[in-house]
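Okay, target00.txt is below, compact mmCIF, C-alpha atoms and all ligand atoms:
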```
# COMPACT_ATOMS: atom_id res chain seq x y z
CA MET V 1 103.56 -125.68 210.63
CA THR V 2 100.89 -126.14 213.33
CA THR V 3 97.44 -127.35 212.18
CA PRO V 4 94.89 -125.79 214.54
CA THR V 5 91.47 -127.23 215.32
CA ILE V 6 88.47 -125.06 214.47
CA GLU V 7 85.88 -124.82 217.23
CA LEU V 8 82.24 -124.46 216.12
CA LYS V 9 80.29 -121.61 217.76
CA PRO V 10 77.32 -121.19 215.41
CA SER V 11 74.92 -118.28 215.50
CA ALA V 12 71.74 -118.52 217.56
CA HIS V 13 70.10 -116.06 215.15
CA PRO V 14 70.82 -116.88 211.49
CA LEU V 15 68.99 -114.78 208.92
CA ALA V 16 65.35 -115.83 208.44
CA ALA V 17 64.84 -118.25 205.51
CA ALA V 18 62.54 -115.82 203.65
CA GLU V 19 65.17 -113.03 203.78
CA ARG V 20 67.91 -115.40 202.69
CA GLU V 21 65.81 -116.62 199.75
CA ALA V 22 65.12 -113.02 198.69
CA ILE V 23 68.89 -112.40 198.57
CA LEU V 24 69.54 -115.62 196.69
CA ALA V 25 66.97 -114.62 194.06
CA SER V 26 69.26 -111.76 192.96
CA PRO V 27 72.58 -111.84 194.81
CA GLY V 28 74.74 -109.58 192.60
CA PHE V 29 78.43 -109.85 193.47
CA GLY V 30 79.93 -109.34 196.92
CA ARG V 31 76.99 -107.47 198.38
CA HIS V 32 75.56 -109.99 200.88
CA PHE V 33 77.31 -112.26 203.36
CA THR V 34 76.29 -115.51 205.01
CA ASP V 35 75.61 -116.08 208.71
CA HIS V 36 79.09 -117.22 209.73
CA MET V 37 82.81 -116.73 209.28
CA VAL V 38 85.93 -118.63 210.28
CA THR V 39 88.77 -116.94 212.16
CA ILE V 40 92.21 -118.35 213.07
CA LYS V 41 94.98 -116.42 214.81
CA TRP V 42 98.73 -116.65 214.35
CA THR V 43 101.20 -115.40 216.91
CA GLU V 44 104.97 -115.51 216.68
CA GLY V 45 106.33 -118.32 218.84
CA ARG V 46 102.93 -119.98 219.08
CA GLY V 47 101.89 -120.51 215.46
CA TRP V 48 98.25 -120.99 214.41
CA HIS V 49 95.75 -121.10 217.26
CA ASP V 50 92.22 -120.27 218.38
CA GLY V 51 90.44 -121.46 215.24
CA GLN V 52 86.73 -120.69 215.43
CA LEU V 53 83.62 -120.70 213.30
CA VAL V 54 81.55 -117.81 214.67
CA PRO V 55 78.61 -115.58 213.62
CA TYR V 56 79.57 -113.13 210.85
CA ALA V 57 80.41 -109.84 212.58
CA PRO V 58 82.69 -106.78 212.39
CA ILE V 59 86.24 -107.30 213.64
CA PRO V 60 87.44 -104.62 216.07
CA LEU V 61 90.87 -103.23 215.09
CA ASP V 62 93.11 -100.81 216.94
CA PRO V 63 93.71 -97.73 214.72
CA ALA V 64 97.43 -98.55 214.74
CA THR V 65 96.91 -102.10 213.45
CA ASN V 66 99.70 -102.84 211.00
CA VAL V 67 97.51 -103.82 208.01
CA LEU V 68 95.73 -100.46 208.05
CA HIS V 69 99.01 -98.69 207.37
CA TYR V 70 101.30 -100.98 205.40
CA ALA V 71 98.77 -103.27 203.66
CA GLN V 72 100.26 -106.59 204.73
CA GLU V 73 97.23 -108.52 203.44
CA ILE V 74 96.52 -111.43 201.10
CA PHE V 75 93.29 -113.00 199.88
CA GLU V 76 91.78 -115.74 197.75
CA GLY V 77 88.55 -116.33 195.85
CA LEU V 78 86.92 -119.70 195.18
CA LYS V 79 83.38 -120.93 194.70
CA ALA V 80 81.06 -123.62 196.07
CA TYR V 81 78.52 -125.03 193.60
CA ARG V 82 75.21 -126.83 194.12
CA ARG V 83 75.14 -130.14 192.26
CA PRO V 84 72.13 -131.79 190.59
CA ASP V 85 71.57 -134.08 193.64
CA GLY V 86 71.57 -131.11 196.04
CA SER V 87 75.07 -131.77 197.39
CA VAL V 88 77.77 -129.07 197.33
CA ALA V 89 81.36 -129.07 196.06
CA THR V 90 84.16 -126.52 195.74
CA PHE V 91 86.46 -126.19 192.71
CA ARG V 92 90.18 -126.95 193.16
CA PRO V 93 90.49 -125.50 196.70
CA ASP V 94 93.97 -127.04 196.96
CA GLN V 95 95.13 -124.68 194.19
CA ASN V 96 93.82 -121.66 196.08
CA ALA V 97 95.42 -122.94 199.29
CA LYS V 98 98.80 -123.30 197.57
CA ARG V 99 98.55 -119.87 195.94
CA PHE V 100 97.65 -118.44 199.37
CA GLN V 101 100.91 -119.91 200.68
CA ARG V 102 102.86 -118.39 197.78
CA SER V 103 101.23 -114.99 198.39
CA ALA V 104 102.04 -115.32 202.12
CA ARG V 105 105.72 -115.97 201.34
CA ARG V 106 105.86 -112.90 199.08
CA LEU V 107 104.37 -110.65 201.76
CA ALA V 108 106.50 -112.11 204.59
CA MET V 109 103.44 -113.63 206.27
CA PRO V 110 103.07 -117.07 207.91
CA GLU V 111 101.89 -119.91 205.65
CA LEU V 112 98.59 -121.55 206.53
CA PRO V 113 98.69 -125.35 206.07
CA VAL V 114 96.80 -126.41 202.92
CA GLU V 115 94.58 -128.78 204.94
CA THR V 116 93.60 -125.99 207.37
CA PHE V 117 92.70 -123.66 204.48
CA ILE V 118 90.48 -126.37 202.96
CA GLU V 119 88.96 -127.34 206.32
CA ALA V 120 88.11 -123.71 207.10
CA CYS V 121 86.33 -123.34 203.74
CA ASP V 122 84.57 -126.70 204.17
CA LEU V 123 83.29 -125.88 207.66
CA LEU V 124 81.93 -122.51 206.56
CA VAL V 125 80.16 -123.97 203.51
CA GLN V 126 78.74 -126.85 205.58
CA GLN V 127 77.46 -124.47 208.24
CA ASP V 128 75.96 -122.05 205.70
CA LYS V 129 74.93 -124.69 203.15
CA ASP V 130 71.48 -123.13 202.73
CA TRP V 131 73.25 -120.09 201.25
CA VAL V 132 74.58 -122.09 198.29
CA PRO V 133 72.28 -121.09 195.39
CA ALA V 134 70.19 -123.73 193.59
CA HIS V 135 71.71 -125.90 190.88
CA GLY V 136 71.31 -124.85 187.26
CA GLY V 137 71.72 -121.09 187.24
CA GLU V 138 74.72 -118.75 187.06
CA GLU V 139 74.84 -118.40 190.85
CA SER V 140 77.24 -119.97 193.32
CA LEU V 141 78.63 -119.25 196.79
CA TYR V 142 81.84 -117.19 196.56
CA LEU V 143 84.34 -117.84 199.36
CA ARG V 144 86.80 -115.16 200.34
CA PRO V 145 89.64 -116.44 202.56
CA PHE V 146 92.02 -113.66 203.62
CA MET V 147 94.76 -112.83 206.09
CA ILE V 148 95.72 -109.53 207.71
CA ALA V 149 98.62 -108.37 209.88
CA THR V 150 97.14 -107.55 213.28
CA GLU V 151 100.16 -106.41 215.28
CA VAL V 152 99.55 -102.95 216.69
CA GLY V 153 102.34 -100.52 215.88
CA LEU V 154 103.72 -98.29 213.16
CA GLY V 155 107.11 -99.92 212.62
CA VAL V 156 107.60 -101.10 209.04
CA LYS V 157 108.42 -104.80 209.49
CA PRO V 158 106.68 -108.17 209.16
CA ALA V 159 104.04 -108.29 211.90
CA ASN V 160 104.25 -110.74 214.79
CA GLU V 161 100.47 -111.40 214.81
CA TYR V 162 98.03 -112.24 212.02
CA LEU V 163 94.36 -113.10 211.60
CA PHE V 164 93.11 -115.51 208.92
CA LEU V 165 89.41 -115.33 208.05
CA VAL V 166 86.99 -116.91 205.62
CA ILE V 167 83.74 -115.18 204.71
CA ALA V 168 81.19 -116.24 202.09
CA SER V 169 78.92 -114.35 199.72
CA PRO V 170 76.27 -115.66 197.32
CA ALA V 171 77.31 -114.53 193.85
CA GLY V 172 75.65 -114.03 190.48
CA ALA V 173 77.35 -112.61 187.37
CA TYR V 174 80.36 -110.40 188.22
CA PHE V 175 79.50 -107.89 185.49
CA PRO V 176 76.01 -106.38 185.74
CA GLY V 177 73.78 -107.48 182.86
CA GLY V 178 74.79 -111.17 182.84
CA VAL V 179 77.01 -112.81 180.21
CA ARG V 180 77.61 -110.03 177.70
CA PRO V 181 80.80 -108.92 175.96
CA VAL V 182 82.77 -106.43 178.03
CA SER V 183 84.74 -103.53 176.60
CA ILE V 184 88.45 -103.14 177.31
CA TRP V 185 90.71 -100.10 177.56
CA ALA V 186 94.35 -101.07 176.91
CA SER V 187 96.32 -98.68 179.10
CA GLU V 188 99.71 -97.91 177.60
CA ASP V 189 101.01 -95.76 180.45
CA ARG V 190 99.64 -97.17 183.74
CA VAL V 191 101.10 -100.49 184.87
CA ARG V 192 99.71 -102.96 187.39
CA ALA V 193 102.91 -104.62 188.55
CA VAL V 194 106.65 -104.62 187.89
CA PRO V 195 109.26 -107.38 187.58
CA GLY V 196 110.37 -108.34 191.08
CA GLY V 197 107.24 -106.74 192.53
CA MET V 198 104.19 -108.59 193.85
CA GLY V 199 102.00 -108.87 190.74
CA ASP V 200 101.83 -112.65 191.06
CA ALA V 201 100.66 -112.46 194.69
CA LYS V 202 96.98 -112.06 195.49
CA THR V 203 97.23 -109.00 197.69
CA GLY V 204 94.96 -106.02 198.07
CA GLY V 205 97.68 -103.58 197.02
CA ASN V 206 97.58 -104.87 193.44
CA TYR V 207 93.87 -104.12 193.30
CA ALA V 208 94.28 -100.69 194.90
CA ALA V 209 96.93 -99.96 192.27
CA SER V 210 94.43 -100.89 189.55
CA LEU V 211 91.65 -98.52 190.59
CA LEU V 212 92.86 -95.33 188.94
CA ALA V 213 93.50 -97.10 185.64
CA GLN V 214 90.08 -98.75 186.02
CA ALA V 215 88.52 -95.29 186.48
CA GLU V 216 90.35 -94.11 183.35
CA ALA V 217 88.97 -97.14 181.48
CA ALA V 218 85.48 -96.16 182.64
CA ALA V 219 86.11 -92.59 181.43
CA GLN V 220 86.90 -94.11 178.02
CA GLY V 221 83.50 -95.85 178.19
CA CYS V 222 85.07 -99.26 178.93
CA ASP V 223 84.25 -101.93 181.53
CA GLN V 224 87.79 -103.06 182.27
CA VAL V 225 91.40 -101.95 181.97
CA CYS V 226 94.00 -104.16 180.30
CA TYR V 227 97.59 -103.83 181.55
CA LEU V 228 100.72 -104.11 179.48
CA ASP V 229 104.12 -105.09 180.90
CA ALA V 230 105.95 -102.45 182.92
CA VAL V 231 109.27 -102.55 181.02
CA GLU V 232 108.43 -102.32 177.33
CA HIS V 233 104.77 -101.25 177.69
CA LYS V 234 104.05 -103.70 174.93
CA TRP V 235 103.18 -107.19 176.19
CA VAL V 236 99.62 -107.92 177.28
CA GLU V 237 99.50 -108.99 180.95
CA GLU V 238 96.01 -109.13 182.48
CA LEU V 239 92.89 -107.12 183.30
CA GLY V 240 92.19 -105.42 186.64
CA GLY V 241 91.04 -108.66 188.31
CA MET V 242 91.10 -111.43 185.71
CA ASN V 243 93.29 -113.15 183.11
CA LEU V 244 92.92 -112.99 179.33
CA TYR V 245 92.70 -115.56 176.54
CA PHE V 246 93.05 -115.05 172.78
CA VAL V 247 91.26 -117.42 170.40
CA TYR V 248 92.93 -118.13 167.05
CA GLY V 249 90.45 -120.46 165.33
CA ASP V 250 91.02 -123.79 167.11
CA LYS V 251 93.81 -122.55 169.36
CA ILE V 252 93.56 -120.60 172.59
CA VAL V 253 96.51 -118.58 173.87
CA THR V 254 97.01 -116.92 177.25
CA PRO V 255 99.91 -114.59 178.17
CA THR V 256 102.87 -116.49 179.61
CA LEU V 257 103.28 -115.98 183.36
CA SER V 258 105.81 -113.20 183.70
CA GLY V 259 106.07 -112.85 187.48
CA SER V 260 103.79 -109.83 187.29
CA ILE V 261 100.68 -111.78 186.17
CA LEU V 262 98.41 -113.51 188.68
CA GLU V 263 98.40 -117.28 188.15
CA GLY V 264 94.62 -117.74 187.92
CA VAL V 265 93.06 -121.10 188.77
CA THR V 266 90.49 -120.60 185.98
CA ARG V 267 93.30 -119.64 183.58
CA ASP V 268 95.17 -122.83 184.44
CA SER V 269 92.06 -125.05 184.23
CA LEU V 270 91.18 -123.74 180.77
CA LEU V 271 94.51 -124.88 179.33
CA THR V 272 93.27 -128.42 180.11
CA VAL V 273 89.53 -127.98 179.38
CA ALA V 274 90.40 -126.63 175.93
CA ARG V 275 92.51 -129.70 175.13
CA ASP V 276 89.66 -131.95 176.33
CA LEU V 277 87.41 -130.25 173.77
CA GLY V 278 89.92 -130.78 170.97
CA TYR V 279 91.38 -127.27 170.86
CA GLU V 280 95.06 -126.48 171.14
CA SER V 281 96.02 -124.39 174.14
CA GLU V 282 99.24 -122.61 174.92
CA GLU V 283 100.93 -119.86 176.88
CA ALA V 284 102.74 -117.25 174.77
CA ARG V 285 103.68 -113.58 174.82
CA VAL V 286 101.10 -111.46 172.95
CA SER V 287 101.81 -107.80 172.22
CA ILE V 288 99.15 -105.11 172.01
CA ASP V 289 100.23 -104.45 168.40
CA GLN V 290 99.76 -108.14 167.54
CA TRP V 291 96.34 -108.07 169.22
CA GLN V 292 95.24 -105.12 167.08
CA ARG V 293 96.78 -106.48 163.87
CA ASP V 294 95.36 -110.01 164.28
CA ALA V 295 91.92 -108.69 165.21
CA GLU V 296 91.93 -106.45 162.15
CA ASN V 297 93.16 -109.16 159.76
CA GLY V 298 90.64 -111.64 161.19
CA THR V 299 93.05 -114.35 162.43
CA LEU V 300 92.26 -113.51 166.06
CA THR V 301 88.69 -114.75 166.16
CA GLU V 302 87.71 -114.19 169.81
CA VAL V 303 89.05 -112.83 173.09
CA PHE V 304 87.76 -113.58 176.57
CA ALA V 305 88.52 -112.75 180.19
CA CYS V 306 88.54 -115.40 182.91
CA GLY V 307 88.67 -115.63 186.67
CA THR V 308 86.82 -117.16 189.59
CA ALA V 309 84.49 -114.19 189.91
CA ALA V 310 84.19 -113.44 186.18
CA VAL V 311 84.06 -117.15 185.13
CA ILE V 312 84.52 -116.64 181.36
CA THR V 313 83.46 -113.28 180.01
CA PRO V 314 83.63 -112.46 176.29
CA VAL V 315 85.47 -109.34 175.19
CA GLY V 316 83.71 -107.07 172.67
CA THR V 317 85.09 -103.58 172.02
CA VAL V 318 88.82 -102.96 172.55
CA LYS V 319 90.24 -99.43 172.70
CA ARG V 320 93.77 -98.11 172.88
CA ASP V 321 95.18 -94.66 172.27
CA GLY V 322 94.22 -93.83 168.68
CA ALA V 323 92.50 -97.11 167.77
CA GLU V 324 89.34 -99.10 168.47
CA TRP V 325 88.16 -102.48 167.19
CA LEU V 326 85.45 -105.05 167.81
CA GLN V 327 86.06 -108.72 168.65
CA SER V 328 83.66 -111.38 167.25
CA GLY V 329 81.37 -108.67 165.87
CA GLY V 330 80.61 -107.71 169.48
CA GLU V 331 78.84 -111.04 170.12
CA PRO V 332 79.95 -113.80 172.53
CA GLY V 333 82.23 -116.07 170.45
CA GLU V 334 81.47 -119.74 169.82
CA VAL V 335 84.72 -121.09 171.32
CA THR V 336 84.38 -118.77 174.32
CA MET V 337 80.86 -120.00 175.06
CA ARG V 338 81.80 -123.67 174.52
CA LEU V 339 84.66 -123.41 176.99
CA ARG V 340 82.40 -121.57 179.40
CA GLU V 341 79.75 -124.27 179.32
CA ALA V 342 82.33 -127.06 179.58
CA LEU V 343 83.97 -125.50 182.64
CA LEU V 344 80.64 -124.72 184.31
CA ASP V 345 79.39 -128.26 183.62
CA ILE V 346 82.36 -129.63 185.58
CA GLN V 347 81.90 -127.10 188.37
CA ARG V 348 78.16 -127.70 188.67
CA GLY V 349 78.61 -131.49 188.65
CA LYS V 350 76.78 -132.00 185.35
CA VAL V 351 79.60 -134.04 183.76
CA ALA V 352 82.19 -136.49 185.05
CA ASP V 353 85.02 -134.82 186.95
CA LYS V 354 87.80 -136.63 185.10
CA HIS V 355 90.61 -134.42 186.43
CA GLY V 356 89.56 -134.79 190.09
CA TRP V 357 89.04 -131.05 190.44
CA MET V 358 85.85 -131.02 192.49
CA HIS V 359 86.11 -131.22 196.27
CA GLU V 360 82.87 -132.69 197.63
CA LEU V 361 81.75 -131.67 201.11
C1 LIG V 401 88.41 -113.57 191.76
O1 LIG V 401 88.09 -113.83 190.60
O2 LIG V 401 88.21 -114.37 192.68
C2 LIG V 401 89.05 -112.32 192.09
O3 LIG V 401 89.77 -112.29 193.04
C3 LIG V 401 88.78 -111.14 191.25
C4 LIG V 401 88.19 -109.96 191.92
C5 LIG V 401 86.81 -110.13 192.41
C6 LIG V 401 89.11 -109.33 192.91
```
Target format structure tokens, applied to this file:
Amino acid sequence: MTTPTIELKPSAHPLAAAEREAILASPGFGRHFTDHMVTIKWTEGRGWHDGQLVPYAPIPLDPATNVLHYAQEIFEGLKAYRRPDGSVATFRPDQNAKRFQRSARRLAMPELPVETFIEACDLLVQQDKDWVPAHGGEESLYLRPFMIATEVGLGVKPANEYLFLVIASPAGAYFPGGVRPVSIWASEDRVRAVPGGMGDAKTGGNYAASLLAQAEAAAQGCDQVCYLDAVEHKWVEELGGMNLYFVYGDKIVTPTLSGSILEGVTRDSLLTVARDLGYESEEARVSIDQWQRDAENGTLTEVFACGTAAVITPVGTVKRDGAEWLQSGGEPGEVTMRLREALLDIQRGKVADKHGWMHEL
């Protein structure tokens, strides 16, 4: 694997400080982008080349570019946090880099070296450091590395040219209205991914496939759709863009990775953070019937969603065909909020990073 150098070509006209500050005061999610981006090309026979940090700008694409037709695309999401001393660190970028390689293998794309992935993110955050929101609030700088097939042509085959990019976007709460319990529609007919498919790869197609079910969830008055497995339509998998955790008193349980569930970095980190706080944590299969029964008999005390964008978001109302129930009385649960604070304290540099998860720039 070649490890390309990344040439710095910064913008002569970054956004004025006053305009940037106005955005940072209320960034929302994924609506504003920083002054720069990183691009690296891959060509068959040559490998990775022409790494550049350049002003953020549209990328011209021929209408016959492969990705526009056959969706050979993968992406990642990770965040940079401002620490109490003003410095900046990212959370477990090596995990995102490795997942990016796994996604690349699944979509027959070239693997980017882990060190190049991390360097590209580092350079962009260093260049656009003023875009990292102040320490102490909910906000952070969301990084979106992604790769597209850029070969021009309509043949269905792995492309012979690719473009890797990293863009960055200041981010507040993913769900409008801050940290509030979200409502879930458990879809018993639509599925997100199938065994042997690409549900464990982070690729746009999985998110495109989720949109109709998400619209149906919205029509049911819910914020998010929850998918069940594609074979038995029984086992809880994940939400449209985040993993799920069930809280049974002092134990937290997340659905076992099935090959059609995305292996979330937040999901994985919480298995450890929970143990640090004295809770038990485990991966297990949870059926939708068990979810309903345990919520109704009171043994299932809380449920929450987790992901890089969503952080930890409590679940309130749950609906399925013919039934509806409320988790934790519709309030954010105590264990949910304790885990949330503990994870954010590590990410924001408020407590010792005993697992070596933070990557300082
Ligand atoms: C993330 O949490 O980073 C995601 O990728 C979820 C969503 C915004 C697509």
Cut-off 7 Å, all atoms listed in the file, neighbours of ligand LIG 401 (chain V) as a ChimeraX atom specification | /V:76-78,241-242,307-310
Pick out the closest residue to Ser169 in chain V from this set: V:Trp131, V:Trp185, V:Phe246, V:Trp48. Count all atoms listed in the file.
-> V:Trp131
List the neighbours of Asp35 in chain V out to 9 Å using all atoms listed in the file; skip same-chain residues closer than 4 positions along the sequence, and give me the result as a short mmCIF file (atom, residue, chain, number, x, y, z; two decimals) with C-alpha atoms, in the coordinates of the input.
```cif
data_model
loop_
_atom_site.label_atom_id
_atom_site.label_comp_id
_atom_site.auth_asym_id
_atom_site.auth_seq_id
_atom_site.Cartn_x
_atom_site.Cartn_y
_atom_site.Cartn_z
CA PRO V 10 77.32 -121.19 215.41
CA SER V 11 74.92 -118.28 215.50
CA HIS V 13 70.10 -116.06 215.15
CA PRO V 14 70.82 -116.88 211.49
CA LEU V 15 68.99 -114.78 208.92
CA VAL V 54 81.55 -117.81 214.67
CA PRO V 55 78.61 -115.58 213.62
CA TYR V 56 79.57 -113.13 210.85
CA ALA V 57 80.41 -109.84 212.58
CA GLN V 127 77.46 -124.47 208.24
CA ASP V 128 75.96 -122.05 205.70
CA TRP V 131 73.25 -120.09 201.25
CA ALA V 168 81.19 -116.24 202.09
#
```
For Asp122 in chain V, the nearest of the candidates V:Val318, V:Leu339, V:Ile184, V:Leu53, counting only C-alpha atoms = V:Leu53
Quick one: contact table of range 92-140 of chain V to range 145-155 of chain V, 10 Å max, nearest atom pair and distance in Å to one decimal per residue, counting all atoms listed in the file, chain and number order, as CSV?
```
residue,atom,partner,partner_atom,distance
V:Asn96,CA,V:Pro145,CA,9.3
V:Ala97,CA,V:Pro145,CA,9.3
V:Phe100,CA,V:Phe146,CA,8.5
V:Ala104,CA,V:Met147,CA,8.7
V:Met109,CA,V:Ala149,CA,8.0
V:Pro110,CA,V:Met147,CA,9.5
V:Leu112,CA,V:Met147,CA,9.5
V:Phe117,CA,V:Pro145,CA,8.1
V:Ile118,CA,V:Pro145,CA,10.0
V:Ala120,CA,V:Pro145,CA,8.7
V:Cys121,CA,V:Pro145,CA,7.7
```
Determine the nearest neighbour of Ile288 in chain V from the options V:Ser187, V:Thr266, V:Thr3, V:Thr301, counting only C-alpha atoms.
-> V:Ser187
What gap, in Å, lies between CA of Arg192 in chain V and CA of Gly204 in chain V?
-> 12.1 Å
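Using all atoms listed in the file, the shortest contact distance between Glu216 in chain V and any of V:Asp189, V:Glu324, V:Val253, V:Leu24 is found at V:Asp189.
Taking CA of Gln292 in chain V as the reference point, CA of Trp235 in chain V is found at 12.3 Å.
Ranking V:Ser87, V:Thr317, V:Tyr248, V:Glu161 by their shortest atom-to-atom distance to Cys222 in chain V, with only C-alpha atoms included, puts V:Thr317 first.
With all atoms listed in the file as the atoms that count, the residue of V:Gly298, V:Pro60, V:Gly136, V:Pro195 with the shortest distance to Leu257 in chain V is V:Pro195.
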Would you work out the distance separating CA of Val303 in chain V from CA of Ala80 in chain V, expressed in Å to one decimal?
-> 26.6 Å
Select all residues near (84.6, -117.9, 178.8) (cut-off 12 Å, inclusive, file coordinates), counting all atoms listed in the file, and output them as a PyMOL selection string.
-> chain V and resi 179-182+242-247+252+266-267+269-270+273-274+302-315+332-344
Is there a way to get, as an mmCIF file with C-alpha atoms, in the frame of the given file, all residues within 12 Å of the point (102.3, -115.9, 218.1) in file coordinates, counting all atoms listed in the file?
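So the final result, stored in out_1.cif, reads:
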```cif
data_model
loop_
_atom_site.group_PDB
_atom_site.id
_atom_site.type_symbol
_atom_site.label_atom_id
_atom_site.label_comp_id
_atom_site.auth_asym_id
_atom_site.auth_seq_id
_atom_site.Cartn_x
_atom_site.Cartn_y
_atom_site.Cartn_z
ATOM 1 C CA THR V 2 100.890 -126.140 213.330
ATOM 2 C CA ILE V 40 92.210 -118.350 213.070
ATOM 3 C CA LYS V 41 94.980 -116.420 214.810
ATOM 4 C CA TRP V 42 98.730 -116.650 214.350
ATOM 5 C CA THR V 43 101.200 -115.400 216.910
ATOM 6 C CA GLU V 44 104.970 -115.510 216.680
ATOM 7 C CA GLY V 45 106.330 -118.320 218.840
ATOM 8 C CA ARG V 46 102.930 -119.980 219.080
ATOM 9 C CA GLY V 47 101.890 -120.510 215.460
ATOM 10 C CA TRP V 48 98.250 -120.990 214.410
ATOM 11 C CA HIS V 49 95.750 -121.100 217.260
ATOM 12 C CA ASP V 50 92.220 -120.270 218.380
ATOM 13 C CA PRO V 110 103.070 -117.070 207.910
ATOM 14 C CA ALA V 149 98.620 -108.370 209.880
ATOM 15 C CA THR V 150 97.140 -107.550 213.280
ATOM 16 C CA GLU V 151 100.160 -106.410 215.280
ATOM 17 C CA ALA V 159 104.040 -108.290 211.900
ATOM 18 C CA ASN V 160 104.250 -110.740 214.790
ATOM 19 C CA GLU V 161 100.470 -111.400 214.810
ATOM 20 C CA TYR V 162 98.030 -112.240 212.020
ATOM 21 C CA LEU V 163 94.360 -113.100 211.600
#
```
Find the residues near Asp223 in chain V: any atom within 9 Å, counting only C-alpha atoms, skip ones fewer than 2 places away on the same chain, and give them as a ChimeraX atom specification.
-> /V:175,182-185,214,217-218,220-221,225
Quick one: write out the picked residues with C-alpha atoms as a PDB file, in the frame of the given file?
```pdb
ATOM      1  CA  PHE V 175      79.500-107.890 185.490  1.00  0.00           C
ATOM      2  CA  VAL V 182      82.770-106.430 178.030  1.00  0.00           C
ATOM      3  CA  SER V 183      84.740-103.530 176.600  1.00  0.00           C
ATOM      4  CA  ILE V 184      88.450-103.140 177.310  1.00  0.00           C
ATOM      5  CA  TRP V 185      90.710-100.100 177.560  1.00  0.00           C
ATOM      6  CA  GLN V 214      90.080 -98.750 186.020  1.00  0.00           C
ATOM      7  CA  ALA V 217      88.970 -97.140 181.480  1.00  0.00           C
ATOM      8  CA  ALA V 218      85.480 -96.160 182.640  1.00  0.00           C
ATOM      9  CA  GLN V 220      86.900 -94.110 178.020  1.00  0.00           C
ATOM     10  CA  GLY V 221      83.500 -95.850 178.190  1.00  0.00           C
ATOM     11  CA  VAL V 225      91.400-101.950 181.970  1.00  0.00           C
TER      12      VAL V 225
END
```
Exercise: Ala89 in chain V partners within 8 Å, all atoms listed in the file, chain neighbours under 4 positions left out, as a PDB file with C-alpha atoms, in the coordinates of the input:
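File produced: out.pdb:
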```pdb
ATOM      1  CA  ALA V  80      81.060-123.620 196.070  1.00  0.00           C
ATOM      2  CA  TYR V  81      78.520-125.030 193.600  1.00  0.00           C
ATOM      3  CA  ARG V  82      75.210-126.830 194.120  1.00  0.00           C
ATOM      4  CA  ARG V  83      75.140-130.140 192.260  1.00  0.00           C
ATOM      5  CA  GLN V 347      81.900-127.100 188.370  1.00  0.00           C
ATOM      6  CA  MET V 358      85.850-131.020 192.490  1.00  0.00           C
ATOM      7  CA  HIS V 359      86.110-131.220 196.270  1.00  0.00           C
ATOM      8  CA  GLU V 360      82.870-132.690 197.630  1.00  0.00           C
ATOM      9  CA  LEU V 361      81.750-131.670 201.110  1.00  0.00           C
TER      10      LEU V 361
END
```
